[in-house]
file coords.txt (compact mmCIF, C-alpha atoms and all ligand atoms)
# COMPACT_ATOMS: atom_id res chain seq x y z
CA MET X 124 86.99 70.61 93.75
CA LYS X 125 86.44 68.60 96.93
CA SER X 126 88.93 69.14 99.74
CA SER X 127 89.92 65.46 99.63
CA GLU X 128 91.13 65.82 96.06
CA LYS X 129 94.51 67.09 94.99
CA LYS X 130 94.83 70.57 93.59
CA ARG X 131 96.04 70.39 90.01
CA VAL X 132 98.62 73.08 89.44
CA ALA X 133 99.80 74.66 86.18
CA ILE X 134 103.14 76.40 86.51
CA LEU X 135 103.91 79.04 83.92
CA GLY X 136 107.65 79.70 84.08
CA SER X 137 108.55 76.42 85.79
CA THR X 138 112.32 76.67 85.17
CA GLY X 139 112.74 80.08 86.82
CA SER X 140 113.40 80.91 90.45
CA ILE X 141 109.74 80.82 91.55
CA GLY X 142 108.89 77.88 89.31
CA THR X 143 111.62 75.62 90.67
CA GLN X 144 110.78 76.57 94.25
CA ALA X 145 107.11 75.83 93.56
CA LEU X 146 108.03 72.35 92.35
CA ASP X 147 110.01 71.90 95.56
CA VAL X 148 106.92 72.88 97.57
CA ILE X 149 104.73 70.51 95.53
CA SER X 150 107.20 67.61 96.03
CA CYS X 151 106.88 68.11 99.79
CA HIS X 152 103.08 67.80 99.62
CA PRO X 153 102.28 65.01 97.15
CA GLU X 154 99.03 64.36 99.03
CA LYS X 155 97.84 67.92 98.32
CA PHE X 156 99.08 68.86 94.86
CA GLU X 157 99.81 67.45 91.47
CA VAL X 158 101.46 69.12 88.51
CA ALA X 159 99.08 69.50 85.57
CA VAL X 160 101.08 71.74 83.24
CA LEU X 161 104.63 73.05 83.02
CA THR X 162 105.76 75.84 80.71
CA ALA X 163 109.12 77.51 80.19
CA TYR X 164 110.43 79.98 77.71
CA ASN X 165 113.89 78.75 76.84
CA ASN X 166 115.42 76.31 79.34
CA VAL X 167 114.48 73.12 77.52
CA ASP X 168 116.87 70.82 79.40
CA LEU X 169 115.45 71.66 82.79
CA LEU X 170 111.88 71.56 81.46
CA ILE X 171 112.48 68.02 80.16
CA LYS X 172 113.88 66.96 83.55
CA GLN X 173 110.89 68.45 85.36
CA ALA X 174 108.45 66.79 82.94
CA VAL X 175 110.08 63.39 83.48
CA THR X 176 109.86 63.83 87.27
CA PHE X 177 106.31 65.18 87.55
CA VAL X 178 104.68 63.75 84.39
CA PRO X 179 102.18 66.57 83.81
CA LYS X 180 99.32 66.40 81.28
CA ALA X 181 101.09 68.97 79.08
CA VAL X 182 104.31 70.90 78.71
CA VAL X 183 104.91 73.97 76.58
CA ILE X 184 108.24 75.42 75.52
CA GLY X 185 107.91 79.08 74.55
CA CYS X 186 110.86 79.07 72.18
CA GLU X 187 109.63 77.16 69.10
CA ASP X 188 113.14 76.17 67.98
CA LYS X 189 113.30 73.80 70.94
CA TYR X 190 110.11 71.91 70.07
CA LEU X 191 111.69 68.89 68.38
CA GLN X 192 114.20 68.40 71.17
CA ILE X 193 111.54 68.24 73.88
CA LYS X 194 109.09 66.29 71.74
CA GLU X 195 111.70 63.59 71.19
CA ALA X 196 112.84 63.51 74.81
CA LEU X 197 109.28 62.99 76.05
CA ALA X 198 108.14 60.66 73.26
CA ASN X 199 107.62 57.75 75.68
CA TYR X 200 105.60 59.71 78.22
CA PRO X 201 101.84 60.41 78.22
CA ILE X 202 102.52 64.14 77.97
CA ASP X 203 101.21 66.57 75.36
CA VAL X 204 104.12 68.65 74.09
CA MET X 205 103.52 72.07 72.56
CA ALA X 206 105.56 75.13 71.63
CA GLY X 207 105.12 78.88 71.21
CA SER X 208 103.65 81.71 73.23
CA ASP X 209 100.18 81.12 71.75
CA ALA X 210 100.29 77.59 73.15
CA ILE X 211 101.22 78.96 76.60
CA ALA X 212 98.25 81.32 76.46
CA GLU X 213 95.95 78.42 75.42
CA VAL X 214 97.16 75.63 77.69
CA VAL X 215 95.87 77.39 80.83
CA LYS X 216 92.32 76.61 79.70
CA LEU X 217 92.72 72.83 80.13
CA ASN X 218 90.07 71.15 82.25
CA ASP X 219 92.71 69.40 84.34
CA ILE X 220 93.83 72.63 86.03
CA ASP X 221 92.55 74.06 89.33
CA ILE X 222 95.12 76.78 89.90
CA VAL X 223 97.64 78.55 87.66
CA LEU X 224 100.90 79.80 89.13
CA THR X 225 102.03 82.68 86.92
CA ALA X 226 105.77 82.83 87.39
CA MET X 227 107.01 84.05 84.04
CA VAL X 228 108.81 87.36 83.73
CA GLY X 229 107.33 90.66 82.55
CA TYR X 230 104.50 91.59 80.20
CA SER X 231 104.37 88.07 78.75
CA GLY X 232 102.36 87.02 81.80
CA LEU X 233 99.35 89.11 80.88
CA LEU X 234 97.52 87.12 78.20
CA PRO X 235 97.88 83.68 79.80
CA THR X 236 96.61 85.17 83.07
CA ILE X 237 93.58 86.72 81.35
CA ASN X 238 92.80 83.41 79.64
CA ALA X 239 93.18 81.44 82.86
CA ILE X 240 90.81 83.77 84.70
CA LYS X 241 88.25 83.56 81.88
CA ALA X 242 88.49 79.77 82.12
CA GLY X 243 87.66 80.00 85.83
CA LYS X 244 91.07 79.00 87.20
CA ASP X 245 92.33 80.46 90.46
CA ILE X 246 95.56 82.40 90.05
CA ALA X 247 98.63 82.18 92.26
CA LEU X 248 100.13 85.43 91.08
CA ALA X 249 103.92 85.66 91.00
CA ASN X 250 104.09 87.76 87.83
CA LYS X 251 103.66 91.24 89.34
CA GLU X 252 103.82 92.93 85.93
CA THR X 253 100.37 91.52 85.12
CA LEU X 254 98.72 93.71 87.76
CA VAL X 255 101.02 96.63 87.08
CA VAL X 256 100.11 96.72 83.42
CA ALA X 257 96.42 95.85 83.64
CA GLY X 258 95.35 95.78 87.28
CA GLU X 259 91.90 97.21 86.72
CA LEU X 260 91.11 94.78 83.91
CA ILE X 261 92.45 91.75 85.80
CA MET X 262 90.62 92.46 89.05
CA GLN X 263 87.35 93.07 87.17
CA LEU X 264 87.74 89.80 85.24
CA ALA X 265 88.55 87.93 88.43
CA SER X 266 85.43 89.24 90.10
CA ASP X 267 83.25 88.53 87.01
CA ASN X 268 84.54 84.96 86.83
CA ASN X 269 84.55 84.38 90.57
CA VAL X 270 88.22 83.38 90.71
CA LYS X 271 90.71 84.07 93.46
CA ILE X 272 93.89 86.03 92.85
CA LEU X 273 96.31 84.71 95.48
CA PRO X 274 99.49 86.75 95.85
CA VAL X 275 102.84 84.98 95.73
CA ASP X 276 105.00 88.09 96.01
CA SER X 277 106.24 87.89 99.62
CA GLU X 278 105.05 91.39 100.58
CA HIS X 279 101.57 90.83 99.20
CA SER X 280 101.35 87.39 100.69
CA ALA X 281 102.21 89.03 104.02
CA VAL X 282 99.45 91.62 103.61
CA PHE X 283 97.02 88.94 102.45
CA GLN X 284 97.79 86.86 105.55
CA CYS X 285 97.38 89.90 107.83
CA LEU X 286 93.97 90.59 106.26
CA GLN X 287 92.49 87.16 107.01
CA GLY X 288 89.45 87.61 109.21
CA GLU X 289 89.48 91.41 108.86
CA GLN X 290 86.93 93.78 107.28
CA HIS X 291 88.10 95.78 104.26
CA THR X 292 86.63 98.94 105.81
CA SER X 293 88.90 98.71 108.84
CA VAL X 294 92.11 98.79 106.77
CA GLU X 295 93.81 102.16 107.22
CA LYS X 296 97.15 101.55 105.62
CA ILE X 297 99.29 98.93 103.95
CA ILE X 298 102.96 99.13 104.90
CA LEU X 299 105.20 97.39 102.37
CA THR X 300 108.69 96.60 103.57
CA ALA X 301 111.67 97.00 101.25
CA SER X 302 115.09 95.49 101.79
CA GLY X 303 116.59 98.53 100.08
CA GLY X 304 118.52 96.30 97.68
CA PRO X 305 122.30 96.08 97.27
CA PHE X 306 122.80 99.87 96.91
CA PHE X 307 120.97 101.03 100.01
CA GLY X 308 122.63 104.14 101.47
CA LYS X 309 124.86 104.70 98.42
CA ASP X 310 125.22 108.23 97.01
CA ALA X 311 124.91 109.46 93.42
CA GLU X 312 128.68 109.37 92.84
CA TYR X 313 128.76 105.67 93.69
CA LEU X 314 125.57 104.77 91.82
CA LYS X 315 126.81 106.38 88.59
CA LYS X 316 129.49 103.72 88.33
CA VAL X 317 127.73 100.57 89.51
CA THR X 318 127.71 97.58 87.20
CA LYS X 319 125.25 94.76 86.62
CA LYS X 320 127.54 92.44 88.57
CA GLU X 321 127.13 94.52 91.73
CA ALA X 322 123.42 94.97 91.08
CA LEU X 323 122.90 91.23 90.80
CA LYS X 324 124.12 90.65 94.38
CA HIS X 325 121.00 90.92 96.50
CA PRO X 326 121.47 90.91 100.30
CA CYS X 327 118.44 88.79 101.29
CA TRP X 328 116.69 87.13 98.39
CA ASP X 329 117.93 84.84 95.65
CA MET X 330 115.86 85.72 92.56
CA GLY X 331 115.90 86.01 88.78
CA ALA X 332 117.94 88.72 87.03
CA LYS X 333 115.02 91.02 86.13
CA VAL X 334 113.61 91.22 89.65
CA THR X 335 117.10 91.54 91.14
CA ILE X 336 117.88 94.61 89.01
CA ASP X 337 114.41 95.95 89.82
CA SER X 338 115.29 95.54 93.51
CA ALA X 339 118.53 97.47 93.05
CA THR X 340 116.68 100.41 91.45
CA LEU X 341 113.67 100.19 93.83
CA MET X 342 111.48 99.67 90.75
CA ASN X 343 110.56 96.33 92.25
CA LYS X 344 109.04 98.15 95.23
CA GLY X 345 107.36 100.59 92.86
CA LEU X 346 105.78 97.73 90.91
CA GLU X 347 104.72 96.19 94.23
CA VAL X 348 103.01 99.41 95.30
CA ILE X 349 100.94 99.27 92.11
CA GLU X 350 100.30 95.57 92.61
CA ALA X 351 99.11 96.27 96.19
CA LYS X 352 96.65 98.91 95.10
CA TRP X 353 94.88 96.47 92.80
CA LEU X 354 95.09 93.38 94.99
CA PHE X 355 93.78 95.06 98.11
CA GLY X 356 91.58 97.84 96.70
CA VAL X 357 93.30 100.76 98.46
CA THR X 358 94.32 104.23 97.28
CA PRO X 359 97.97 105.22 96.64
CA ASP X 360 97.84 107.34 99.81
CA GLN X 361 97.03 104.23 101.82
CA ILE X 362 100.30 102.57 100.83
CA ASP X 363 103.57 103.28 102.65
CA VAL X 364 107.00 101.88 101.92
CA VAL X 365 109.48 101.41 104.74
CA VAL X 366 113.06 100.17 104.36
CA HIS X 367 113.66 97.12 106.51
CA ARG X 368 117.09 95.72 105.74
CA GLN X 369 116.71 92.33 107.39
CA SER X 370 113.65 91.21 105.37
CA ILE X 371 112.12 89.51 108.40
CA ILE X 372 108.87 91.50 108.45
CA HIS X 373 107.49 90.83 104.98
CA SER X 374 104.86 93.61 105.20
CA MET X 375 102.21 94.99 107.53
CA VAL X 376 98.64 96.24 107.72
CA GLN X 377 97.58 99.12 109.93
CA PHE X 378 93.94 99.12 111.03
CA SER X 379 91.49 101.88 111.97
CA ASP X 380 91.94 101.21 115.70
CA SER X 381 95.74 101.85 115.35
CA SER X 382 96.64 98.17 115.59
CA ILE X 383 99.33 96.93 113.20
CA LYS X 384 99.66 93.32 112.10
CA ALA X 385 102.96 92.11 110.64
CA GLN X 386 103.75 88.83 108.95
CA MET X 387 107.25 87.60 109.77
CA GLY X 388 109.69 84.83 109.05
CA LEU X 389 113.04 84.14 107.44
CA PRO X 390 113.05 85.25 103.80
CA ASP X 391 112.14 82.14 101.78
CA MET X 392 109.84 82.31 98.76
CA ARG X 393 108.65 78.77 99.37
CA LEU X 394 106.45 80.10 102.20
CA PRO X 395 104.35 82.52 100.09
CA ILE X 396 104.17 79.86 97.34
CA LEU X 397 102.95 77.26 99.85
CA TYR X 398 100.42 79.68 101.33
CA ALA X 399 99.00 80.63 97.91
CA LEU X 400 98.77 77.05 96.65
CA GLY X 401 97.37 75.74 99.92
CA TYR X 402 94.93 78.59 100.60
CA PRO X 403 92.62 78.66 102.53
CA GLU X 404 94.49 75.90 104.35
CA ARG X 405 97.76 76.68 106.12
CA LEU X 406 99.89 73.62 105.38
CA SER X 407 102.78 72.51 107.55
CA SER X 408 106.35 72.86 106.34
CA THR X 409 109.88 72.08 107.44
CA LEU X 410 111.14 75.52 106.39
CA GLN X 411 113.68 77.00 108.79
CA ARG X 412 112.11 78.77 111.80
CA PHE X 413 112.93 82.36 112.73
CA ASP X 414 114.79 82.83 116.00
CA PHE X 415 114.27 86.29 117.55
CA THR X 416 117.37 85.99 119.70
CA GLN X 417 119.52 85.79 116.56
CA TYR X 418 118.16 89.15 115.40
CA PRO X 419 118.55 91.59 118.31
CA SER X 420 117.67 94.53 116.08
CA LEU X 421 115.21 94.90 113.27
CA THR X 422 115.69 98.30 111.63
CA PHE X 423 113.37 100.61 109.71
CA GLY X 424 114.02 103.66 107.54
CA VAL X 425 112.72 105.95 104.82
CA PRO X 426 113.43 104.99 101.19
CA ASP X 427 115.70 107.36 99.21
CA THR X 428 113.53 108.49 96.29
CA GLN X 429 116.08 111.11 95.16
CA ASN X 430 118.66 108.60 94.00
CA PHE X 431 116.12 105.84 93.44
CA ARG X 432 113.61 107.77 91.37
CA ASN X 433 111.79 104.68 90.12
CA LEU X 434 109.83 104.36 93.34
CA ALA X 435 108.59 107.95 93.05
CA LEU X 436 107.75 107.36 89.38
CA ALA X 437 105.66 104.33 90.30
CA PHE X 438 103.59 106.33 92.80
CA GLN X 439 103.21 109.04 90.16
CA VAL X 440 101.86 106.70 87.42
CA LEU X 441 99.60 104.97 89.92
CA ARG X 442 97.97 108.32 90.75
CA GLU X 443 97.66 109.16 87.05
CA GLY X 444 96.11 105.78 86.21
CA GLY X 445 94.98 104.74 82.71
CA ASN X 446 97.78 103.35 80.56
CA ARG X 447 100.53 105.10 82.58
CA PRO X 448 101.61 102.11 84.69
CA CYS X 449 101.76 100.09 81.46
CA VAL X 450 104.16 102.66 79.95
CA LEU X 451 106.30 102.58 83.08
CA ASN X 452 106.48 98.80 83.02
CA ALA X 453 107.29 98.60 79.30
CA ALA X 454 110.08 101.17 79.51
CA ASN X 455 111.43 99.42 82.58
CA GLU X 456 111.62 96.05 80.82
CA ILE X 457 113.71 97.67 78.07
CA VAL X 458 116.08 99.53 80.39
CA VAL X 459 116.69 96.53 82.64
CA GLU X 460 117.58 94.45 79.58
CA ALA X 461 119.93 97.24 78.39
CA PHE X 462 121.55 97.55 81.84
CA LEU X 463 122.08 93.79 81.91
CA LYS X 464 123.90 94.13 78.58
CA ASP X 465 126.07 96.98 79.96
CA LYS X 466 124.54 99.40 77.44
CA ILE X 467 123.33 101.99 79.96
CA GLY X 468 124.17 103.04 83.50
CA PHE X 469 122.16 103.05 86.70
CA PHE X 470 120.66 106.55 86.42
CA GLU X 471 119.94 106.23 82.71
CA MET X 472 117.39 103.57 83.58
CA SER X 473 115.21 106.16 85.37
CA ASP X 474 116.01 108.84 82.75
CA ILE X 475 114.72 106.69 79.90
CA ILE X 476 111.60 105.66 81.83
CA GLU X 477 110.84 109.34 82.52
CA GLN X 478 111.33 110.34 78.89
CA THR X 479 109.12 107.48 77.72
CA LEU X 480 106.40 108.57 80.15
CA GLU X 481 106.58 112.07 78.67
CA LYS X 482 106.35 110.76 75.12
CA ILE X 483 103.57 108.16 75.14
CA PRO X 484 100.05 109.68 75.11
CA TYR X 485 97.76 109.18 78.10
CA ILE X 486 94.76 106.90 77.60
CA SER X 487 92.13 106.47 80.31
CA ALA X 488 90.23 103.19 80.86
CA PRO X 489 92.32 101.05 78.48
CA ASP X 490 91.13 97.64 77.27
CA TYR X 491 93.40 94.71 76.40
CA GLU X 492 94.13 95.96 72.87
CA THR X 493 95.06 99.40 74.23
CA TYR X 494 97.47 97.86 76.73
CA LYS X 495 99.01 95.81 73.98
CA GLN X 496 99.49 98.88 71.81
CA THR X 497 100.79 101.04 74.67
CA ASN X 498 103.24 98.34 75.67
CA GLN X 499 104.58 98.09 72.12
CA GLU X 500 104.84 101.86 71.60
CA ALA X 501 106.55 102.41 74.93
CA MET X 502 109.03 99.59 74.30
CA ASN X 503 109.82 100.89 70.81
CA PHE X 504 110.33 104.45 72.02
CA SER X 505 112.53 103.55 74.97
CA ARG X 506 114.68 101.40 72.65
CA THR X 507 115.42 104.50 70.54
CA LEU X 508 116.87 106.16 73.66
CA ILE X 509 119.45 103.43 74.18
CA LYS X 510 122.74 103.87 72.39
CA ALA X 511 123.61 100.96 70.13
MN MN3 L 601 108.51 91.15 96.58
call {"tool": "encode", "arguments": {"input": "coords.txt", "output": "structure tokens", "more": "lines below"}}
Ligand code: MN3
result
Amino acid sequence: MKSSEKKRVAILGSTGSIGTQALDVISCHPEKFEVAVLTAYNNVDLLIKQAVTFVPKAVVIGCEDKYLQIKEALANYPIDVMAGSDAIAEVVKLNDIDIVLTAMVGYSGLLPTINAIKAGKDIALANKETLVVAGELIMQLASDNNVKILPVDSEHSAVFQCLQGEQHTSVEKIILTASGGPFFGKDAEYLKKVTKKEALKHPCWDMGAKVTIDSATLMNKGLEVIEAKWLFGVTPDQIDVVVHRQSIIHSMVQFSDSSIKAQMGLPDMRLPILYALGYPERLSSTLQRFDFTQYPSLTFGVPDTQNFRNLALAFQVLREGGNRPCVLNAANEIVVEAFLKDKIGFFEMSDIIEQTLEKIPYISAPDYETYKQTNQEAMNFSRTLIKA
């Protein structure tokens, strides 16, 4: 692609929090980007609206029951309409795509991401579960196919920005910041009784339900630790997590000469999206500027891994390797869903993940089929631990 041409973007998960913000970013830079593909799982009304506005080459609705509705609504547009998860996994191979933004939730992001990499598309990675489940496989494929994996998660975008112009050998430590979520500082007595309603109120970021619950349990930070290991090629010991309630420093890198670089700004996901889509260019934006005088104190603290065991579990599975992070992720998807349906409490989420980790056999060096099987087994087992 020549620099004078527009980047053609496929957005997987276009109706979610990241997807809609990505379309906002793209609308602000019509000279730089065009929308090639939009996919959504269920929200057919919004997908139709987006398709009418951006007129992509193709749209895919994951839920096949909605096919006729969208097909009819877009009958007068030059847009290919498809349905089903197989179609989502296939559409990323289209010639008219330069970069794929993976913004769907959970394990479902894995196969489309693998296919996109194999087809030589750069990846703007917002689906952290992809690297959590299959980091080794994904990074190897990316290197074999000479594609870039550009982080969209704000912490990883921060690290990625700090690393520009630096040598990998001079990286001593990656310091991920954590907001601490809505239950920061709460004790076990309090946490026992929290409900999904309280968990869904995040202090700094406005996100989807899955990632918001993950933030409340610190699993989100755990998944990000695993994501960081694969993205930046460091060991678990080279990753620190520090609680930073204001979410102004998005993460840091410490170098071998003791220098630390931090990437800062008001919390707004449109910045990491813009950076990933625009990379290696830094495009201008009208996003609100940070004013230091409005924030006289930025605070830092140690995460509580006693009450928020998920973070400790994530470090544990990362050290163990193999299919262990995949088990952790699968069990987590099940418990978050159950918590959102008021079927289990806060601590039961970690309990069930731990029991699933004990149950599912360890497999080293898994391939795609092994991940698929592990994911299924771990989901099935953790479901049996949830009361009906
Ligand atoms: Mn994040």
call {"tool": "closest_residue", "arguments": {"input": "coords.txt", "among": "X:Lys510, X:Lys172, X:Lys130, X:Arg368", "to": "Trp328 in chain X", "atoms": "all atoms listed in the file"}}
result
X:Arg368
call {"tool": "residues_around", "arguments": {"input": "coords.txt", "residues": "range 149-161 of chain X", "least_positions_apart": "3", "cutoff": "10 Å", "atoms": "all atoms listed in the file", "output": "number ranges by chain"}}
result
X: 126-138, 142-146, 170-171, 173-174, 176-184, 202-204, 211, 214-215, 217-224, 393, 396-397, 400-401, 406-409
call {"tool": "residues_around", "arguments": {"input": "coords.txt", "residues": "range 481-493 of chain X", "least_positions_apart": "3", "cutoff": "10 Å", "atoms": "all atoms listed in the file", "output": "VMD selection string"}}
result
chain X and resid 233 to 234 237 256 to 257 259 to 261 443 to 447 449 to 450 475 to 478 496 to 501 504 to 505
call {"tool": "residues_around", "arguments": {"input": "coords.txt", "residues": "Pro403 in chain X", "least_positions_apart": "4", "cutoff": "12 Å", "atoms": "all atoms listed in the file", "output": "list in words"}}
result
Ser126, Lys271, Leu273, Phe283, Gln284, Gln287, Gly288, Leu397, Tyr398 and Ala399 of chain X
call {"tool": "write_last_selection", "arguments": {"input": "coords.txt", "atoms": "C-alpha atoms", "output": "CSV table (one decimal), keeping the file's coordinate frame"}}
result
chain,number,residue,atom,x,y,z
X,126,SER,CA,88.9,69.1,99.7
X,271,LYS,CA,90.7,84.1,93.5
X,273,LEU,CA,96.3,84.7,95.5
X,283,PHE,CA,97.0,88.9,102.4
X,284,GLN,CA,97.8,86.9,105.6
X,287,GLN,CA,92.5,87.2,107.0
X,288,GLY,CA,89.4,87.6,109.2
X,397,LEU,CA,103.0,77.3,99.8
X,398,TYR,CA,100.4,79.7,101.3
X,399,ALA,CA,99.0,80.6,97.9
call {"tool": "residues_around", "arguments": {"input": "coords.txt", "residues": "range 420-424 of chain X", "least_positions_apart": "5", "cutoff": "12 Å", "atoms": "all atoms listed in the file", "output": "PDB file with C-alpha atoms, keeping the file's coordinate frame"}}
result
ATOM      1  CA  ILE X 298     102.960  99.130 104.900  1.00  0.00           C
ATOM      2  CA  LEU X 299     105.200  97.390 102.370  1.00  0.00           C
ATOM      3  CA  THR X 300     108.690  96.600 103.570  1.00  0.00           C
ATOM      4  CA  ALA X 301     111.670  97.000 101.250  1.00  0.00           C
ATOM      5  CA  SER X 302     115.090  95.490 101.790  1.00  0.00           C
ATOM      6  CA  GLY X 303     116.590  98.530 100.080  1.00  0.00           C
ATOM      7  CA  PHE X 307     120.970 101.030 100.010  1.00  0.00           C
ATOM      8  CA  GLY X 308     122.630 104.140 101.470  1.00  0.00           C
ATOM      9  CA  ASP X 363     103.570 103.280 102.650  1.00  0.00           C
ATOM     10  CA  VAL X 364     107.000 101.880 101.920  1.00  0.00           C
ATOM     11  CA  VAL X 365     109.480 101.410 104.740  1.00  0.00           C
ATOM     12  CA  VAL X 366     113.060 100.170 104.360  1.00  0.00           C
ATOM     13  CA  HIS X 367     113.660  97.120 106.510  1.00  0.00           C
ATOM     14  CA  ARG X 368     117.090  95.720 105.740  1.00  0.00           C
ATOM     15  CA  GLN X 369     116.710  92.330 107.390  1.00  0.00           C
ATOM     16  CA  SER X 370     113.650  91.210 105.370  1.00  0.00           C
ATOM     17  CA  ILE X 371     112.120  89.510 108.400  1.00  0.00           C
ATOM     18  CA  ILE X 372     108.870  91.500 108.450  1.00  0.00           C
ATOM     19  CA  SER X 374     104.860  93.610 105.200  1.00  0.00           C
ATOM     20  CA  MET X 387     107.250  87.600 109.770  1.00  0.00           C
ATOM     21  CA  PHE X 415     114.270  86.290 117.550  1.00  0.00           C
TER      22      PHE X 415
END
call {"tool": "residues_near_point", "arguments": {"input": "coords.txt", "point": "(97.1, 82.4, 83.6)", "cutoff": "7 Å", "atoms": "only C-alpha atoms", "output": "PyMOL selection string"}}
result
chain X and resi 215+223+225+235-240+246
call {"tool": "closest_residue", "arguments": {"input": "coords.txt", "among": "X:Asn269, X:Ser280, X:Thr253, X:Gln417", "to": "ligand MN3 601 (chain L)", "atoms": "only C-alpha atoms and all ligand atoms"}}
result
X:Ser280
call {"tool": "closest_residue", "arguments": {"input": "coords.txt", "among": "X:Ala453, X:Cys186, X:Leu346, X:Ala163", "to": "ligand MN3 601 (chain L)", "atoms": "all atoms listed in the file"}}
result
X:Leu346
call {"tool": "residues_near_ligand", "arguments": {"input": "coords.txt", "ligand": "ligand MN3 601 (chain L)", "cutoff": "6 Å", "atoms": "all atoms listed in the file", "output": "PyMOL selection string"}}
result
chain X and resi 276-278
call {"tool": "write_last_selection", "arguments": {"input": "coords.txt", "atoms": "C-alpha atoms", "output": "PDB file, keeping the file's coordinate frame"}}
result
ATOM      1  CA  ASP X 276     105.000  88.090  96.010  1.00  0.00           C
ATOM      2  CA  SER X 277     106.240  87.890  99.620  1.00  0.00           C
ATOM      3  CA  GLU X 278     105.050  91.390 100.580  1.00  0.00           C
TER       4      GLU X 278
END
call {"tool": "atom_distance", "arguments": {"input": "coords.txt", "atom1": "CA of Leu436 in chain X", "atom2": "CA of Lys495 in chain X"}}
result
21.1 Å
call {"tool": "residues_around", "arguments": {"input": "coords.txt", "residues": "range 312-315 of chain X", "least_positions_apart": "4", "cutoff": "7 Å", "atoms": "all atoms listed in the file", "output": "list in words"}}
result
Gly468, Phe469 and Phe470 of chain X
call {"tool": "atom_distance", "arguments": {"input": "coords.txt", "atom1": "CA of Phe431 in chain X", "atom2": "CA of Ala351 in chain X"}}
result
19.7 Å
call {"tool": "axis_aligned_box", "arguments": {"input": "coords.txt", "around": "range 329-335 of chain X", "padding_each_side": "3 Å", "output": "AutoDock Vina command-line options"}}
result
--center_x 115.8 --center_y 88.2 --center_z 90.9 --size_x 10.3 --size_y 12.7 --size_z 15.5
call {"tool": "closest_residue", "arguments": {"input": "coords.txt", "among": "X:Asn166, X:Leu389, X:Ser293, X:Phe378", "to": "Ile193 in chain X", "atoms": "all atoms listed in the file"}}
result
X:Asn166
call {"tool": "build_atoms", "arguments": {"input": "coords.txt", "residues": "range 433-447 of chain X", "atoms": "N, CA and C atoms", "output": "CSV table (one decimal), keeping the file's coordinate frame"}}
result
chain,number,residue,atom,x,y,z
X,433,ASN,N,112.8,105.6,90.6
X,433,ASN,CA,111.8,104.7,90.1
X,433,ASN,C,110.6,104.5,91.1
X,434,LEU,N,110.9,104.5,92.4
X,434,LEU,CA,109.8,104.4,93.3
X,434,LEU,C,108.9,105.5,93.3
X,435,ALA,N,109.4,106.8,93.2
X,435,ALA,CA,108.6,108.0,93.0
X,435,ALA,C,107.8,107.9,91.7
X,436,LEU,N,108.4,107.5,90.7
X,436,LEU,CA,107.8,107.4,89.4
X,436,LEU,C,106.6,106.4,89.4
X,437,ALA,N,106.7,105.3,90.2
X,437,ALA,CA,105.7,104.3,90.3
X,437,ALA,C,104.5,104.9,91.0
X,438,PHE,N,104.7,105.7,92.1
X,438,PHE,CA,103.6,106.3,92.8
X,438,PHE,C,102.9,107.3,91.9
X,439,GLN,N,103.8,108.0,91.1
X,439,GLN,CA,103.2,109.0,90.2
X,439,GLN,C,102.3,108.4,89.1
X,440,VAL,N,102.7,107.3,88.5
X,440,VAL,CA,101.9,106.7,87.4
X,440,VAL,C,100.6,106.0,88.0
X,441,LEU,N,100.8,105.6,89.3
X,441,LEU,CA,99.6,105.0,89.9
X,441,LEU,C,98.5,106.0,90.2
X,442,ARG,N,98.9,107.2,90.5
X,442,ARG,CA,98.0,108.3,90.8
X,442,ARG,C,97.4,108.7,89.4
X,443,GLU,N,98.2,108.7,88.3
X,443,GLU,CA,97.7,109.2,87.0
X,443,GLU,C,96.7,108.1,86.4
X,444,GLY,N,97.0,106.9,86.7
X,444,GLY,CA,96.1,105.8,86.2
X,444,GLY,C,96.2,105.6,84.7
X,445,GLY,N,95.1,105.0,84.1
X,445,GLY,CA,95.0,104.7,82.7
X,445,GLY,C,96.1,103.8,82.2
X,446,ASN,N,96.7,104.2,81.1
X,446,ASN,CA,97.8,103.4,80.6
X,446,ASN,C,99.2,103.7,81.1
X,447,ARG,N,99.2,104.6,82.1
X,447,ARG,CA,100.5,105.1,82.6
X,447,ARG,C,101.4,104.0,83.2
